[in-house]
Amino acid sequence: MTEQTISAAFYRGGKSFAVEQTTAPAPKPGEVSVRVAYCGICGTDMHVYHGNMDARVGFNRVIGHEMSGVVAAIGEGVDTVTLGQKVVVRPLDHCGDCPACDAGHRHICHKLKFLGLDTDGAMQEIWTVPAHTLHGLPDELRLDHAALIEPVAVACHDVRLSQLKEGEDVVVIGGGPIGILVAMVARDAGGKVVVSEVNPNRLKIAQKLGFKTINPAEADLTAEINAITGDKGADVVFEVSGTQPGVDAMTQVAATRARIVMVAIHAQKPQIDLFQFFWRELQLIGARVYEPEDYEKAIGIISSGGVDADTVITDVAALEDIQTAFESLDRSPTALKSLIKVGADL
Ligand SMILES: [Zn+2]
Ligand SMILES: [Zn+2]
């Protein structure tokens with residue numbers, strides 16, 4: 001492939017995108033060009049839209065990272081993918097030369113570049129990325145469903161680090177897009193999952209997906225969890241709400257020696273009841289993005305239907321309509337995952 005003229009959606013600041021023609025370069029050695037099929041709108045992308053990340057992304061950035069596509073061109077020295085193969089991108093590029101990289105924890109590299117924020121992303125017809133970021137997909141996997149692999153990989157990482165065992169009681173605090181996916185992956189791993197959420201629309205979606213739900217604005221969450229677990233409490237708690245009440249609840253519902261996984265990004269430093277950590281020997285586990293094995297796990301779960309993709313994907317819009325898609329996702333009380341169909345013919 002030589003250079004090609006393609007459509008791309010540029011973030012221009014002030015809650016606006018411009019879809020313009022641009023040039024897709026040929027892949028350099030070690031790179032692969034992917035024809036993008038779908039790209040989901042992430043919570044992070046909404047932060048960009050709201051102007052909260054202007055200093056990091058600037059006003060000439062193509063964002064997007066929750067994507068699926070097919071290999072369009074392969075740079076020199078790459079033998080891990082074939083032309084036309086269905087792929088997803090694990091949007092992390094590491095430095096290879098810091099203490100985290102040296103220890104093998106490339107996903108939390110001290111100089112980590114997040115593709116689609118620190119570099120251009122997938123809201124364009126052709127996206128050129130380092131070959132090491134690619135994961136091949138089974139031929140039969142639908143490319144719209146495959147756009148969920150990135151957020152599902154987040155959930156797979158969270159559940160893997162929790163060391164959840166079959167039959168354990170799980171509470172997911174916060175039933176937004178990531179919370180729902182954490183709940184589905186935890187259930188797929190054999191957990192008995194309860195979702196705590198205050199938003200009635202999100203509660204409805206969680207119930208539709210077959211989860212037991214508790215609204216802590218209407219019921220005593222701790223008492224309810226104690227009733228469900230025979231006064232034991234939850235063996236594993238995921239804090240996905242990013243709120244102080246969520247952080248208060250995470251220690252209140254936890255069983256003796258429970259594992260609590262911090263998934264949410266908190267805007268302020270929350271207060272944590274350390275007394276409970278001592279008294280009941282609780283464990284607090286930080287979990288950030290994903291590692292390659294989490295991607296492979298996510299591909300397996302999506303392929304096997306362990307995540308109900310059709311319920312999670314609530315909207316699909318064309319690339320030219322990206323502005324309206326962000327505006328309506330921002331307003332909609334019922335939307336969960338909104339996809340942009342970037343490649344019209346894929
Ligand atoms: Zn994301
Ligand atoms: Zn590094």
# chains A, B, ... in the order shown; residues from 1 in each chain; ligands from 1
>>> closest_atom_pairs(of="region 312-338 of chain A", to="region 134-155 of chain A", cutoff="10 Å", atoms="only C-alpha atoms", output="tab-separated table")
residue	atom	partner	partner_atom	distance
A:Val312	CA	A:Leu148	CA	8.7
A:Ile313	CA	A:His145	CA	8.1
A:Val316	CA	A:Asp144	CA	9.0
A:Lys337	CA	A:Leu148	CA	8.5
>>> residues_near_ligand(ligand="ligand 2", cutoff="10 Å", atoms="only C-alpha atoms and all ligand atoms", output="ChimeraX atom specification")
/A:93-113
>>> residues_near_ligand(ligand="ligand 1", cutoff="7 Å", atoms="only C-alpha atoms and all ligand atoms", output="list of chain:residue names")
A:Cys42, A:Gly43, A:Thr44, A:His65, A:Glu66, A:Glu150, A:Pro151
>>> write_last_selection(atoms="N, CA and C atoms", output="CSV table (one decimal), in the first residue's frame")
chain,number,residue,atom,x,y,z
A,42,CYS,N,-15.4,5.5,24.1
A,42,CYS,CA,-15.0,5.1,25.5
A,42,CYS,C,-15.3,6.3,26.4
A,43,GLY,N,-15.4,6.0,27.7
A,43,GLY,CA,-15.6,7.1,28.7
A,43,GLY,C,-14.4,8.1,28.6
A,44,THR,N,-13.2,7.6,28.3
A,44,THR,CA,-12.1,8.5,28.1
A,44,THR,C,-12.3,9.5,26.9
A,65,HIS,N,-10.0,4.2,20.3
A,65,HIS,CA,-9.1,3.0,20.5
A,65,HIS,C,-9.9,1.7,20.7
A,66,GLU,N,-11.3,1.8,20.8
A,66,GLU,CA,-12.0,0.5,21.0
A,66,GLU,C,-12.5,0.0,19.7
A,150,GLU,N,-11.7,-4.3,23.5
A,150,GLU,CA,-10.9,-3.5,24.4
A,150,GLU,C,-11.5,-3.3,25.8
A,151,PRO,N,-12.8,-2.8,25.9
A,151,PRO,CA,-13.3,-2.6,27.2
A,151,PRO,C,-13.5,-4.0,27.9
>>> select_by_dssp(residues="region 124-308 of chain A", states="strand (DSSP E or B)", output="ChimeraX atom specification")
/A:124,126-130,134-136,169-173,192-196,212-214,234-239,254-262,283-286
>>> residues_around(residues="Ala72 (chain A)", least_positions_apart="5", cutoff="9 Å", atoms="only C-alpha atoms", output="VMD selection string")
chain A and resid 1 32 to 35 82 to 85 126
>>> atom_distance(atom1="CA of Asp231 (chain A)", atom2="CA of Leu209 (chain A)")
26.0 Å
>>> closest_residue(among="A:Ala344, A:Val57, A:Val307, A:Leu161", to="Val185 (chain A)", atoms="only C-alpha atoms")
A:Val307
>>> select_by_dssp(residues="region 11-197 of chain A", states="helix (DSSP H, G or I)", output="ChimeraX atom specification")
/A:43-49,54-57,99-102,106-108,131-133,143-146,149-162,177-188
>>> closest_atom_pairs(of="region 83-199 of chain A", to="region 262-276 of chain A", cutoff="10 Å", atoms="only C-alpha atoms", output="Markdown table")
| residue | atom | partner | partner_atom | distance |
| --- | --- | --- | --- | --- |
| A:Val154 | CA | A:Val263 | CA | 8.9 |
| A:Ala155 | CA | A:Val263 | CA | 8.8 |
| A:His157 | CA | A:Val263 | CA | 9.8 |
| A:Asp158 | CA | A:Val263 | CA | 7.0 |
| A:Ser162 | CA | A:Met262 | CA | 9.9 |
| A:Ile173 | CA | A:Ala264 | CA | 9.8 |
| A:Gly174 | CA | A:Ala264 | CA | 9.1 |
| A:Ile178 | CA | A:Val263 | CA | 8.8 |
| A:Gly179 | CA | A:Val263 | CA | 8.8 |
| A:Val182 | CA | A:Val263 | CA | 9.5 |
>>> write_last_selection(atoms="N, CA, C and O atoms", output="mmCIF file, in the first residue's frame")
data_model
loop_
_atom_site.group_PDB
_atom_site.id
_atom_site.type_symbol
_atom_site.label_atom_id
_atom_site.label_comp_id
_atom_site.auth_asym_id
_atom_site.auth_seq_id
_atom_site.Cartn_x
_atom_site.Cartn_y
_atom_site.Cartn_z
ATOM 1 N N VAL A 154 -10.313 -4.822 29.635
ATOM 2 C CA VAL A 154 -10.196 -4.111 30.917
ATOM 3 C C VAL A 154 -10.838 -4.972 32.015
ATOM 4 O O VAL A 154 -10.247 -5.224 33.071
ATOM 5 N N ALA A 155 -12.053 -5.445 31.735
ATOM 6 C CA ALA A 155 -12.781 -6.261 32.709
ATOM 7 C C ALA A 155 -12.042 -7.568 32.986
ATOM 8 O O ALA A 155 -11.969 -8.022 34.137
ATOM 9 N N HIS A 157 -8.835 -8.079 32.867
ATOM 10 C CA HIS A 157 -7.671 -7.754 33.703
ATOM 11 C C HIS A 157 -8.113 -7.596 35.160
ATOM 12 O O HIS A 157 -7.493 -8.158 36.071
ATOM 13 N N ASP A 158 -9.211 -6.868 35.361
ATOM 14 C CA ASP A 158 -9.732 -6.643 36.718
ATOM 15 C C ASP A 158 -10.080 -7.976 37.395
ATOM 16 O O ASP A 158 -9.727 -8.212 38.545
ATOM 17 N N SER A 162 -8.242 -10.060 40.547
ATOM 18 C CA SER A 162 -9.030 -10.329 41.771
ATOM 19 C C SER A 162 -8.877 -11.775 42.235
ATOM 20 O O SER A 162 -9.264 -12.103 43.353
ATOM 21 N N ILE A 173 -19.613 -2.414 42.312
ATOM 22 C CA ILE A 173 -20.165 -1.117 42.708
ATOM 23 C C ILE A 173 -20.041 -0.167 41.517
ATOM 24 O O ILE A 173 -18.934 0.218 41.137
ATOM 25 N N GLY A 174 -21.169 0.159 40.901
ATOM 26 C CA GLY A 174 -21.169 1.011 39.707
ATOM 27 C C GLY A 174 -21.505 0.200 38.473
ATOM 28 O O GLY A 174 -20.707 -0.646 38.059
ATOM 29 N N ILE A 178 -18.241 -0.069 31.981
ATOM 30 C CA ILE A 178 -17.178 -0.954 32.473
ATOM 31 C C ILE A 178 -17.699 -1.847 33.600
ATOM 32 O O ILE A 178 -17.408 -3.048 33.645
ATOM 33 N N GLY A 179 -18.496 -1.301 34.504
ATOM 34 C CA GLY A 179 -19.050 -2.096 35.598
ATOM 35 C C GLY A 179 -19.853 -3.282 35.081
ATOM 36 O O GLY A 179 -19.726 -4.409 35.590
ATOM 37 N N VAL A 182 -17.438 -5.837 33.731
ATOM 38 C CA VAL A 182 -16.788 -6.531 34.845
ATOM 39 C C VAL A 182 -17.757 -7.584 35.413
ATOM 40 O O VAL A 182 -17.365 -8.730 35.674
#
>>> residues_around(residues="Glu20 (chain A)", least_positions_apart="6", cutoff="8 Å", atoms="only C-alpha atoms", output="compact mmCIF listing (two decimals) with C-alpha atoms, in the first residue's frame")
# COMPACT_ATOMS: atom_id res chain seq x y z
CA SER A 7 -11.65 10.23 5.95
CA ALA A 8 -10.71 10.94 9.56
CA ALA A 9 -12.53 12.60 12.47
CA PHE A 10 -10.38 15.27 14.14
>>> residues_around(residues="Gly13 (chain A)", least_positions_apart="4", cutoff="9 Å", atoms="only C-alpha atoms", output="list in words")
Phe17, Val48, Tyr49, His50, Gly51, Asp54, Gly58, Phe59 and Asn60 of chain A
>>> closest_residue(among="A:Ala318, A:Asn201, A:Thr311, A:Val342", to="Ser68 (chain A)", atoms="only C-alpha atoms")
A:Val342
>>> atom_distance(atom1="CA of His47 (chain A)", atom2="CA of Ser196 (chain A)")
23.7 Å
